[in-house]
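Everything on this sheet refers to the single structure shown next.
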Amino acid sequence: MAYSIDIISCITERFVALTATEKRIAQFILDDVAAAAALPIAELAQLTDTSQASVTRFARAVGCKDVRELKVRLAQSLAVGQRFILDVPDLEGVQGIYESIISVLDINRRALDARALSQAVNWLGGARQILAIGMGGGSTICAQEIQYRLFRLGLPVVSQSDGLLVRMMCSAVAPQDVVLAFSLGGFTPEICESVAIARQYGAKAIAITPPETPLAQQADLVLPLLVRENDYIFKPSTSRYAMLAMIDVLATELAMANKGQAKDKMRRIKLALDSHRGGVDRQPLGD
């Protein structure tokens, strides 16, 4: 599918070079994209105190063949949501960042599926190999994080976020392997397709993702995430904290399931670190 360049960005970037008449049309569109996308050309010309010919010239000035294409691209721009076009005020401030994190953690704590968690721990603890996959910002970080958490317990784990390598590695799994897929959205095609490939070759697939998404449907087991986003787009997604909390839950349960091996590995890591860096005894274990 061809990628269509965002028309709002085109109008904004070319605004200075437009004529005075074209600027009136541009400003009208930027002020109310939804209305501009729906209005007939005659009414758009009337409301901007211009002519239909001027509206046509404006469409061409911003890279469209005609007004019809302009309206189609304006409608496409609305698909991402008005919060990415309008200037939504921040009603909470810096303290709201902490409150949002606390809220999303509490929502997901109450939604924890104990039966699914127990099954996931059983599969991961007995896996020949754990392949953690995730793409994008938070999901990539979490795939790496589960590797950092689980190797300390003596578990065979590797993470990958490159789309082609994820597909290749999921094609090379064995029935004793477990794929652990992270996705805050649950729609990333590369992740969904790779999980399907891994299952085709007999591996178990656990998804940490919102329920009833394409990824959740592909997985053998879902550890559900309840994603809560607001309209203030400039704050990073708080939902990744719920994903990180699930990693900590998994790591703790896996450690408790095999205390002897976990203690041995962590003690060895602690000894290697302390002999290298020094410091007090209560430093984090390599974080």
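Identifiers in this document derive from the order of the structure tokens: chains are assigned A, B, ..., residues are numbered from 1 separately in each chain, and ligands are numbered from 1 in order of occurrence.
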Select from range 130-161 of chain A everything DSSP, run on the backbone, classes as strand (DSSP E or B), then give the selection as a PDB file with N, CA and C atoms, in the first residue's frame.
ATOM      1  N   ILE A 130      13.687 -19.074  24.789  1.00  0.00           N
ATOM      2  CA  ILE A 130      12.665 -18.023  24.825  1.00  0.00           C
ATOM      3  C   ILE A 130      13.078 -16.947  23.842  1.00  0.00           C
ATOM      4  N   LEU A 131      12.197 -16.641  22.902  1.00  0.00           N
ATOM      5  CA  LEU A 131      12.454 -15.586  21.924  1.00  0.00           C
ATOM      6  C   LEU A 131      11.492 -14.436  22.216  1.00  0.00           C
ATOM      7  N   ALA A 132      12.033 -13.308  22.679  1.00  0.00           N
ATOM      8  CA  ALA A 132      11.226 -12.125  22.996  1.00  0.00           C
ATOM      9  C   ALA A 132      11.275 -11.163  21.825  1.00  0.00           C
ATOM     10  N   ILE A 133      10.102 -10.778  21.318  1.00  0.00           N
ATOM     11  CA  ILE A 133      10.052  -9.896  20.151  1.00  0.00           C
ATOM     12  C   ILE A 133       9.153  -8.698  20.421  1.00  0.00           C
ATOM     13  N   GLY A 134       9.547  -7.561  19.887  1.00  0.00           N
ATOM     14  CA  GLY A 134       8.755  -6.338  20.004  1.00  0.00           C
ATOM     15  C   GLY A 134       9.304  -5.284  19.077  1.00  0.00           C
ATOM     16  N   VAL A 157      17.295 -17.048  26.906  1.00  0.00           N
ATOM     17  CA  VAL A 157      16.426 -16.021  26.327  1.00  0.00           C
ATOM     18  C   VAL A 157      17.214 -15.117  25.410  1.00  0.00           C
ATOM     19  N   VAL A 158      16.574 -14.704  24.319  1.00  0.00           N
ATOM     20  CA  VAL A 158      17.156 -13.748  23.386  1.00  0.00           C
ATOM     21  C   VAL A 158      16.041 -12.818  22.928  1.00  0.00           C
ATOM     22  N   SER A 159      16.381 -11.571  22.624  1.00  0.00           N
ATOM     23  CA  SER A 159      15.371 -10.620  22.148  1.00  0.00           C
ATOM     24  C   SER A 159      15.744 -10.131  20.763  1.00  0.00           C
ATOM     25  N   GLN A 160      14.722  -9.724  20.012  1.00  0.00           N
ATOM     26  CA  GLN A 160      14.953  -9.206  18.669  1.00  0.00           C
ATOM     27  C   GLN A 160      13.840  -8.217  18.315  1.00  0.00           C
TER      28      GLN A 160
END
From the DSSP assignment of the backbone, select every residue of range 49-195 of chain A that is alpha helix (DSSP H), and format the answer as a PyMOL selection string.
chain A and resi 52-61+67-78+93-110+114-125+137-151+163-171+189-195
Find the residue from A:Leu155, A:Val227, A:Ala116, A:Ala219 that sits nearest to Val104 in chain A; use only C-alpha atoms when measuring.
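Selected residue with least distance to Val104 in chain A: A:Val227.
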Which value, in Å to one decimal, gives the distance between CA of Ala181 in chain A and CA of Ala207 in chain A?
4.7 Å
Counting only C-alpha atoms, what is within 12 Å of Ile191 in chain A, bar same-chain residues fewer than 3 positions away, as a PyMOL selection string?
chain A and resi 132-136+139-140+143+160-170+179-188+194-198+205-209+213-216+218-219
I'd like the neighbourhood of Lys71 in chain A as a list in words, where a residue qualifies if any of its atoms comes within 8 Å (using only C-alpha atoms), though same-chain residues fewer than 4 positions away should be ignored.
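Listed by chain and then number, they are Ala36, Ala37, Ala38, Val67 and Ala75 of chain A.
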Kindly assemble as JSON lines a list of the range 88-136 of chain A residues that lie within 8 Å of range 233-244 of chain A, each paired with its nearest atom pair and their distance in Å to one decimal, using only C-alpha atoms, sorted first by chain and then by ascending residue number.
{"residue": "A:Ile97", "atom": "CA", "partner": "A:Lys235", "partner_atom": "CA", "distance": 7.4}
{"residue": "A:Ser100", "atom": "CA", "partner": "A:Thr238", "partner_atom": "CA", "distance": 6.5}
{"residue": "A:Ile101", "atom": "CA", "partner": "A:Thr238", "partner_atom": "CA", "distance": 5.4}
{"residue": "A:Val104", "atom": "CA", "partner": "A:Ser239", "partner_atom": "CA", "distance": 6.5}
{"residue": "A:Leu105", "atom": "CA", "partner": "A:Ala242", "partner_atom": "CA", "distance": 5.4}
{"residue": "A:Asn108", "atom": "CA", "partner": "A:Ala242", "partner_atom": "CA", "distance": 6.4}
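Between CA of Leu221 in chain A and CA of Gly260 in chain A the interatomic distance comes to 27.3 Å.
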Contact residues around range 54-65 of chain A with only C-alpha atoms at 10 Å, ignoring same-chain residues under 2 positions, as JSON, numbers by chain:
{"A": [5, 7, 8, 9, 10, 11, 12, 13, 14, 15, 17, 18, 19, 21, 22, 23, 24, 25, 26, 41, 42, 44, 45, 48, 49, 50, 51, 52, 67, 68, 69, 70, 71, 72, 73]}
What is the CA of Tyr148 in chain A-CA of Gln261 in chain A distance in Å, reported with one decimal?
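According to the coordinates, CA of Tyr148 in chain A and CA of Gln261 in chain A are separated by 16.2 Å.
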May I ask which of the residues A:Gln144, A:Leu124, A:Cys192, A:Gly137 is the closest one to Val178 in chain A, counting only C-alpha atoms?
A:Leu124
Mind checking which residues fall within 9 Å of Ile247 in chain A, counting only C-alpha atoms, ignoring those fewer than 6 positions away in the same chain, and posting them as a ChimeraX atom specification?
/A:142,145-146,149
Would you write out those residues with C-alpha atoms, as a PDB file, in the first residue's frame?
ATOM      1  CA  CYS A 142      10.335  -4.382  26.832  1.00  0.00           C
ATOM      2  CA  GLU A 145      14.099  -5.855  29.254  1.00  0.00           C
ATOM      3  CA  ILE A 146      12.689  -9.372  29.531  1.00  0.00           C
ATOM      4  CA  ARG A 149      15.549  -9.998  33.591  1.00  0.00           C
TER       5      ARG A 149
END
Nearest residue to Ser118 in chain A out of A:Leu250, A:Leu225, A:Ile29, A:Ala20, using only C-alpha atoms?
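Of all the options, A:Leu250 lies closest to Ser118 in chain A.
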Find the residues near range 264-281 of chain A: any atom within 7 Å, counting only C-alpha atoms, skip ones fewer than 5 places away on the same chain, and give them as JSON, numbers by chain.
{"A": [152, 153, 154]}
I need the chosen residues saved as a compact mmCIF listing (two decimals), in the first residue's frame, with N, CA and C atoms.
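part_17.txt was written with the following content:
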# COMPACT_ATOMS: atom_id res chain seq x y z
N ARG A 152 19.43 -13.56 34.04
CA ARG A 152 19.95 -13.59 35.41
C ARG A 152 19.43 -14.80 36.18
N LEU A 153 18.32 -15.36 35.70
CA LEU A 153 17.72 -16.52 36.38
C LEU A 153 18.20 -17.83 35.77
N GLY A 154 19.09 -17.74 34.78
CA GLY A 154 19.60 -18.93 34.14
C GLY A 154 18.71 -19.45 33.02
